[in-house]
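The next block is protein_17.csv, given as CSV, C-alpha atoms.
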chain,number,residue,atom,x,y,z
P,4,MET,CA,-8.8,16.1,-15.4
P,5,GLY,CA,-7.9,16.5,-11.7
P,6,ALA,CA,-9.4,13.1,-10.9
P,7,GLN,CA,-7.5,11.4,-13.7
P,8,LEU,CA,-4.3,13.1,-12.6
P,9,LEU,CA,-4.8,11.9,-9.0
P,10,THR,CA,-5.6,8.4,-10.3
P,11,PHE,CA,-2.5,8.3,-12.4
P,12,GLY,CA,-0.4,9.8,-9.6
P,13,ALA,CA,-1.6,7.4,-6.9
P,14,ALA,CA,-1.1,4.3,-9.2
P,15,PHE,CA,2.3,5.5,-10.3
P,16,LEU,CA,3.7,6.3,-6.8
P,17,GLY,CA,2.3,3.2,-5.2
P,18,SER,CA,3.5,1.0,-8.0
P,19,ALA,CA,7.0,2.7,-8.0
P,20,VAL,CA,7.4,2.0,-4.2
P,21,GLU,CA,6.5,-1.7,-4.6
P,22,SER,CA,8.5,-2.1,-7.8
P,23,VAL,CA,11.7,-1.0,-6.0
P,24,GLU,CA,11.2,-3.8,-3.4
P,25,ALA,CA,10.5,-6.4,-6.1
P,26,LEU,CA,13.5,-5.2,-8.1
P,27,THR,CA,15.8,-5.6,-5.1
P,28,ILE,CA,14.7,-9.3,-4.8
P,29,VAL,CA,15.1,-10.0,-8.6
P,30,LEU,CA,18.5,-8.3,-8.8
P,31,ALA,CA,19.8,-10.2,-5.7
P,32,VAL,CA,18.6,-13.5,-7.3
P,33,GLY,CA,19.8,-12.7,-10.8
P,34,LEU,CA,23.3,-11.5,-9.9
P,35,THR,CA,23.8,-14.5,-7.6
P,36,ARG,CA,22.4,-17.4,-9.5
P,37,GLY,CA,22.1,-16.2,-13.1
P,38,TRP,CA,19.3,-14.4,-14.9
P,39,ARG,CA,17.2,-17.2,-16.6
P,40,ALA,CA,15.2,-18.5,-13.6
P,41,PRO,CA,14.5,-15.1,-11.9
P,42,LEU,CA,13.4,-13.6,-15.2
P,43,LEU,CA,11.1,-16.5,-15.9
P,44,GLY,CA,9.8,-16.1,-12.3
P,45,THR,CA,9.3,-12.4,-12.8
P,46,LEU,CA,7.4,-12.9,-16.1
P,47,SER,CA,5.2,-15.6,-14.5
P,48,ALA,CA,4.4,-13.3,-11.6
P,49,LEU,CA,3.6,-10.4,-14.0
P,50,GLY,CA,1.3,-12.6,-16.0
P,51,LEU,CA,-0.6,-13.7,-12.9
P,52,LEU,CA,-0.9,-10.1,-11.7
P,53,ALA,CA,-2.2,-9.0,-15.2
P,54,LEU,CA,-4.8,-11.8,-15.0
P,55,LEU,CA,-5.9,-10.6,-11.5
P,56,VAL,CA,-6.3,-7.0,-12.8
P,57,GLY,CA,-8.2,-8.2,-15.8
P,58,ILE,CA,-10.6,-10.5,-14.0
P,59,PHE,CA,-11.3,-8.5,-10.8
P,60,GLY,CA,-11.0,-5.0,-12.4
P,61,GLN,CA,-13.7,-6.0,-15.0
P,62,LEU,CA,-15.9,-7.8,-12.4
P,63,ILE,CA,-15.8,-4.9,-10.0
P,64,VAL,CA,-16.5,-2.2,-12.5
P,65,THR,CA,-19.3,-4.1,-14.3
P,66,ARG,CA,-21.1,-6.0,-11.5
P,67,VAL,CA,-21.1,-3.9,-8.3
P,68,PRO,CA,-23.4,-0.9,-7.9
P,69,GLU,CA,-21.5,2.4,-7.8
P,70,LEU,CA,-22.3,3.5,-4.2
P,71,THR,CA,-21.6,0.0,-2.8
P,72,LEU,CA,-18.3,-0.1,-4.7
P,73,LYS,CA,-17.3,3.3,-3.3
P,74,LEU,CA,-18.1,2.2,0.2
P,75,ILE,CA,-16.3,-1.1,0.1
P,76,ILE,CA,-13.2,0.1,-1.9
P,77,GLY,CA,-13.1,3.3,0.1
P,78,THR,CA,-13.0,1.3,3.4
P,79,LEU,CA,-10.3,-1.0,2.0
P,80,ILE,CA,-8.2,1.9,0.8
P,81,VAL,CA,-8.6,3.6,4.2
P,82,LEU,CA,-7.3,0.5,5.9
P,83,PHE,CA,-4.5,0.1,3.4
P,84,GLY,CA,-3.5,3.8,3.5
P,85,LEU,CA,-3.6,3.9,7.3
P,86,ARG,CA,-1.4,0.9,7.5
P,87,TRP,CA,1.3,2.6,5.4
P,88,LEU,CA,0.8,5.9,7.2
P,89,HIS,CA,1.1,4.2,10.6
P,90,LYS,CA,4.4,2.6,9.6
P,91,ALA,CA,5.7,5.8,8.0
P,92,VAL,CA,4.9,7.7,11.3
P,93,LEU,CA,6.8,5.1,13.4
P,94,ARG,CA,9.7,5.2,11.0
P,95,SER,CA,9.8,9.0,10.9
P,96,ALA,CA,9.7,9.1,14.7
P,97,GLY,CA,12.6,6.7,14.9
P,98,VAL,CA,10.6,3.9,16.6
P,99,VAL,CA,11.0,1.5,13.7
P,100,ALA,CA,14.1,1.2,11.5
P,101,MET,CA,13.9,2.8,8.1
P,102,HIS,CA,13.5,0.2,5.2
P,103,ASP,CA,17.0,-0.2,3.8
P,104,GLU,CA,17.1,-1.7,0.3
P,105,ASN,CA,20.9,-2.2,0.5
P,106,ARG,CA,20.5,-4.3,3.6
P,107,ALA,CA,17.6,-6.3,2.2
P,108,TYR,CA,19.7,-6.9,-1.0
P,109,ALA,CA,22.7,-8.1,1.0
P,110,GLU,CA,20.6,-10.4,3.2
P,111,THR,CA,19.0,-12.0,0.1
P,112,VAL,CA,22.3,-12.5,-1.6
P,113,GLU,CA,23.8,-14.0,1.6
P,114,SER,CA,20.9,-16.5,1.9
P,115,LEU,CA,21.2,-17.5,-1.8
P,116,ARG,CA,24.9,-18.1,-1.6
P,117,ALA,CA,24.3,-20.6,1.2
P,118,ASP,CA,21.8,-22.5,-1.0
P,119,HIS,CA,23.7,-22.3,-4.2
P,120,GLU,CA,24.1,-26.1,-4.7
P,121,LYS,CA,20.3,-26.6,-4.8
P,122,THR,CA,18.3,-26.6,-8.0
P,123,ASP,CA,17.5,-23.4,-9.8
P,124,TRP,CA,13.8,-23.6,-8.8
P,125,ILE,CA,14.9,-21.5,-5.9
P,126,GLY,CA,15.8,-18.6,-8.1
P,127,PHE,CA,12.5,-19.0,-10.0
P,128,THR,CA,10.4,-19.3,-6.9
P,129,LEU,CA,12.0,-16.4,-5.1
P,130,ALA,CA,11.6,-14.0,-8.0
P,131,LEU,CA,8.0,-15.3,-8.6
P,132,LYS,CA,7.1,-14.9,-4.9
P,133,GLY,CA,8.8,-11.5,-4.5
P,134,VAL,CA,7.3,-9.9,-7.6
P,135,PHE,CA,3.8,-11.5,-7.0
P,136,LEU,CA,3.6,-10.4,-3.4
P,137,GLU,CA,4.9,-6.9,-4.0
P,138,GLY,CA,2.7,-6.7,-7.1
P,139,LEU,CA,-0.4,-7.7,-5.2
P,140,GLU,CA,-0.3,-4.2,-3.5
P,141,VAL,CA,0.1,-2.6,-6.9
P,142,VAL,CA,-2.9,-4.5,-8.2
P,143,PHE,CA,-5.0,-3.4,-5.3
P,144,ILE,CA,-4.0,0.2,-5.7
P,145,VAL,CA,-4.7,0.1,-9.5
P,146,ILE,CA,-8.0,-1.6,-9.1
P,147,ALA,CA,-9.1,0.6,-6.2
P,148,VAL,CA,-8.2,4.0,-7.7
P,149,GLY,CA,-9.1,3.0,-11.2
P,150,GLY,CA,-12.3,1.2,-10.4
P,151,THR,CA,-13.9,3.9,-8.3
P,152,THR,CA,-13.0,6.9,-10.6
P,153,GLY,CA,-13.9,5.0,-13.8
P,154,GLY,CA,-10.3,5.6,-14.8
P,155,MET,CA,-9.1,2.0,-14.9
P,156,GLY,CA,-7.1,2.6,-18.1
P,157,VAL,CA,-5.2,5.6,-16.5
P,158,ALA,CA,-4.5,3.7,-13.4
P,159,VAL,CA,-3.1,0.7,-15.3
P,160,VAL,CA,-0.9,3.0,-17.4
P,161,GLY,CA,0.3,4.7,-14.2
P,162,GLY,CA,1.2,1.4,-12.6
P,163,LEU,CA,2.8,-0.1,-15.7
P,164,LEU,CA,4.8,3.1,-16.3
P,165,ALA,CA,6.2,3.0,-12.8
P,166,MET,CA,7.3,-0.6,-13.2
P,167,VAL,CA,9.0,0.2,-16.5
P,168,VAL,CA,10.8,3.2,-15.0
P,169,VAL,CA,12.0,1.3,-12.0
P,170,ALA,CA,13.0,-1.8,-14.0
P,171,GLY,CA,14.8,0.4,-16.5
P,172,ALA,CA,16.8,2.1,-13.7
P,173,GLY,CA,17.6,-1.3,-12.3
P,174,VAL,CA,18.9,-2.6,-15.6
P,175,ILE,CA,21.1,0.5,-16.0
P,176,ILE,CA,22.7,0.6,-12.5
P,177,ARG,CA,22.4,-3.2,-11.7
P,178,ARG,CA,22.1,-2.3,-8.0
P,179,PRO,CA,19.2,-1.9,-5.6
P,180,LEU,CA,17.7,1.6,-5.9
P,181,ALA,CA,18.7,2.6,-2.4
P,182,GLN,CA,18.7,6.3,-3.2
P,183,VAL,CA,15.0,6.2,-4.0
P,184,PRO,CA,13.4,7.8,-0.9
P,185,GLU,CA,11.1,4.8,-0.3
P,186,ASN,CA,10.0,5.7,3.2
P,187,THR,CA,9.1,9.3,2.1
P,188,LEU,CA,7.2,7.9,-0.9
P,189,LYS,CA,5.3,5.5,1.3
P,190,TYR,CA,4.5,8.3,3.6
P,191,ALA,CA,3.1,10.4,0.7
P,192,VAL,CA,1.2,7.5,-0.9
P,193,GLY,CA,-0.2,6.6,2.6
P,194,ILE,CA,-1.6,10.1,2.9
P,195,ILE,CA,-3.0,10.1,-0.7
P,196,LEU,CA,-4.6,6.7,-0.3
P,197,THR,CA,-6.1,7.4,3.1
P,198,SER,CA,-7.5,10.7,1.8
P,199,VAL,CA,-9.0,9.2,-1.4
P,200,GLY,CA,-10.3,6.2,0.6
P,201,THR,CA,-12.1,8.5,3.1
P,202,PHE,CA,-13.6,10.5,0.3
P,203,TRP,CA,-15.0,7.5,-1.5
P,204,ALA,CA,-16.1,5.7,1.7
P,205,ALA,CA,-18.2,8.8,2.7
P,206,GLU,CA,-19.6,9.1,-0.8
P,207,GLY,CA,-20.5,5.4,-0.6
P,208,MET,CA,-22.4,6.2,2.6
P,209,GLY,CA,-24.5,8.7,0.6
P,210,VAL,CA,-22.8,11.8,2.0
P,211,SER,CA,-21.6,14.6,-0.3
P,212,TRP,CA,-18.4,16.6,0.2
P,213,PRO,CA,-18.2,20.4,0.0
P,214,LEU,CA,-16.3,21.4,-3.2
P,215,ASP,CA,-16.6,17.7,-4.3
P,216,PHE,CA,-13.3,16.3,-5.5
P,217,VAL,CA,-11.2,19.3,-4.2
P,218,SER,CA,-12.1,18.1,-0.7
P,219,ILE,CA,-9.4,15.4,-1.1
P,220,LEU,CA,-6.8,18.2,-0.8
P,221,GLY,CA,-8.3,19.2,2.5
P,222,LEU,CA,-8.3,15.6,3.7
P,223,ALA,CA,-4.7,15.2,2.7
P,224,VAL,CA,-3.8,18.3,4.8
P,225,LEU,CA,-5.8,16.9,7.7
P,226,TYR,CA,-3.9,13.5,7.6
P,227,LEU,CA,-0.6,15.2,7.1
P,228,VAL,CA,-1.1,17.4,10.2
P,229,ALA,CA,-2.3,14.3,12.2
P,230,SER,CA,0.7,12.3,11.2
P,231,ARG,CA,3.1,15.2,12.1
P,232,VAL,CA,1.3,15.6,15.5
P,233,ALA,CA,1.8,11.8,16.0
P,234,ILE,CA,5.5,12.1,15.2
P,235,ALA,CA,5.9,15.1,17.5
P,236,LEU,CA,4.1,13.3,20.3
P,237,ILE,CA,6.1,10.1,20.0
P,238,ARG,CA,9.4,12.1,20.0
P,239,ARG,CA,8.5,14.0,23.2
P,240,PRO,CA,10.8,13.2,26.1
P,241,ALA,CA,8.1,11.4,28.0
P,242,LEU,CA,7.8,8.9,25.2
P,243,ALA,CA,11.4,8.8,24.1
H,12,MET,CA,-3.6,-26.0,2.2
H,13,ARG,CA,-0.7,-24.4,3.9
H,14,TRP,CA,0.0,-22.4,0.7
H,15,LEU,CA,-3.6,-21.1,0.6
H,16,ARG,CA,-3.4,-20.1,4.2
H,17,ALA,CA,-0.1,-18.2,3.6
H,18,ALA,CA,-1.6,-16.5,0.5
H,19,ALA,CA,-4.7,-15.5,2.5
H,20,SER,CA,-2.6,-14.1,5.3
H,21,GLU,CA,-0.6,-12.1,2.8
H,22,VAL,CA,-3.8,-10.6,1.3
H,23,ILE,CA,-5.2,-9.8,4.8
H,24,GLY,CA,-1.8,-8.3,5.7
H,25,LEU,CA,-2.3,-5.7,3.0
H,26,PHE,CA,-5.1,-4.1,5.0
H,27,VAL,CA,-4.5,-5.2,8.6
H,28,GLY,CA,-1.3,-4.4,10.5
H,29,ASP,CA,-2.8,-4.4,14.0
H,30,TRP,CA,-6.2,-6.0,14.4
H,31,PHE,CA,-7.3,-3.6,17.1
H,32,GLN,CA,-6.4,-0.5,15.1
H,33,SER,CA,-8.1,-1.9,12.0
H,34,GLY,CA,-11.2,-2.8,14.1
H,35,VAL,CA,-11.4,0.7,15.4
H,36,SER,CA,-11.1,2.1,11.9
H,37,VAL,CA,-13.9,-0.2,10.6
H,38,ALA,CA,-16.0,0.7,13.7
H,39,ILE,CA,-15.5,4.5,12.9
H,40,LEU,CA,-16.5,3.9,9.2
H,41,GLY,CA,-19.5,1.7,10.4
H,42,ALA,CA,-20.7,4.4,12.8
H,43,GLY,CA,-20.3,7.0,9.9
H,44,TRP,CA,-22.3,4.8,7.6
H,45,LEU,CA,-25.2,4.6,10.2
H,46,ALA,CA,-25.2,8.2,11.3
H,47,LEU,CA,-23.8,10.6,8.7
H,48,PRO,CA,-26.5,10.2,6.0
H,49,ARG,CA,-29.2,11.1,8.6
H,50,LEU,CA,-27.6,14.3,9.7
H,51,HIS,CA,-28.0,16.3,6.4
H,52,VAL,CA,-25.3,18.8,7.5
H,53,GLU,CA,-22.9,20.3,4.9
H,54,GLY,CA,-19.3,19.1,5.6
H,55,VAL,CA,-20.3,16.5,8.1
H,56,ALA,CA,-18.1,14.0,6.3
H,57,TYR,CA,-15.1,15.8,7.8
H,58,VAL,CA,-16.1,14.4,11.2
H,59,LEU,CA,-15.4,10.9,9.8
H,60,ALA,CA,-11.9,12.1,8.6
H,61,LEU,CA,-11.2,13.7,11.9
H,62,ALA,CA,-12.1,10.6,13.8
H,63,LEU,CA,-9.8,8.5,11.6
H,64,ALA,CA,-7.0,11.1,12.0
H,65,VAL,CA,-7.4,11.1,15.8
H,66,GLN,CA,-7.4,7.3,15.7
H,67,LEU,CA,-4.1,7.4,13.8
H,68,VAL,CA,-2.4,9.6,16.3
H,69,LEU,CA,-3.6,7.5,19.3
H,70,ALA,CA,-2.7,4.2,17.7
H,71,THR,CA,0.8,5.2,16.6
H,72,ALA,CA,1.5,6.8,20.0
H,73,ALA,CA,0.3,3.7,21.8
H,74,GLU,CA,2.4,1.4,19.6
H,75,ALA,CA,5.5,3.6,20.1
H,76,ARG,CA,4.9,3.4,23.9
H,77,ARG,CA,4.6,-0.4,23.7
H,78,LYS,CA,7.8,-0.7,21.6
H,79,LYS,CA,9.8,1.5,24.0
H,80,ALA,CA,8.5,-0.2,27.1
Entire entry expressed as structure tokens:
Amino acid sequence: MGAQLLTFGAAFLGSAVESVEALTIVLAVGLTRGWRAPLLGTLSALGLLALLVGIFGQLIVTRVPELTLKLIIGTLIVLFGLRWLHKAVLRSAGVVAMHDENRAYAETVESLRADHEKTDWIGFTLALKGVFLEGLEVVFIVIAVGGTTGGMGVAVVGGLLAMVVVAGAGVIIRRPLAQVPENTLKYAVGIILTSVGTFWAAEGMGVSWPLDFVSILGLAVLYLVASRVAIALIRRPALA
Amino acid sequence: MRWLRAAASEVIGLFVGDWFQSGVSVAILGAGWLALPRLHVEGVAYVLALALAVQLVLATAAEARRKKA
């Protein structure tokens, strides 16, 4: 039950963060150039992403031995999670600017206005590219957390539900979801993914954890403390 | 060909922000893969997590220093 909840939570949160970024692009294109082309682009991207989950999810679960799968996916999740955590630390410490959906939206709208005379392939391609690239991260999270826990169905549901919730909110307010605390969410997902990745990588090495799955909580505390230490160190006058 | 290269760099970019930091992370995991199963000590896996956590602190502090220089 705990493992399923974690799988669902990681897939939901990771997918929600990326969906907010994709929604910003689709809204900017749709409100500037009309909805037909960006909606077609979005649907095409979602179709491609579903194909990827179907093919790779099935291949990974059925063809790769469990320990090898845990080691490879664990390593990839550690790298993926550390990358998010690294960025979150630098943003929290004020070294890198916070991601601002309103600014990203305004920049996309501005660049589209300049190109307005060109064909509507631009709207289609921009939406396709934006949704596909942001969606690739969702696909990786869903396959990684679903494939290693054997809860692919739960992970897919978590990812899809997040996309539906974010898209629904976008349809209602017709503005970028700037009030979603994206940086905080990325920080939290970075900690969850790095913890889960470390857990699986070690299991893939043939090492067991004390208290089994509960150790992930201990790992999350360790990475949270490390990231807070990093932020404190960076903010020290010597570095500021 | 250019499209393929761009797609490949996007996929690699999911996992690698800084090649050196990612290399250190893989080296830590590789060393763990070689050493940990031979130690047979309860809780030894936390050493792996601790090494990755220290790496995170050092890498972020180093990048902050570089950006502020």
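Nearest residue to chain H, choosing from P:Ile175, P:Leu225, P:Ala25, P:Leu42 and counting all atoms listed in the file: P:Leu225.
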Checklist line | Residue hits in chain H, query chain P, radius 9 Å, all atoms listed in the file, as a PyMOL selection string | finding: chain H and resi 18+21-22+25-29+33+36-37+40+43-45+47-48+51+53-57+59-61+63-65+67-76+78-79
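From atom CA of Glu21 of chain P back to atom CA of Lys73 of chain P, the distance works out to 24.4 Å.
Take atom CA of Leu55 of chain P and atom CA of Ile144 of chain P: the distance between them is 12.4 Å.
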Check: Suppose you want the space between atom CA of Val145 of chain P and atom CA of Gly50 of chain P; what is it in Å?
Finding: 15.5 Å
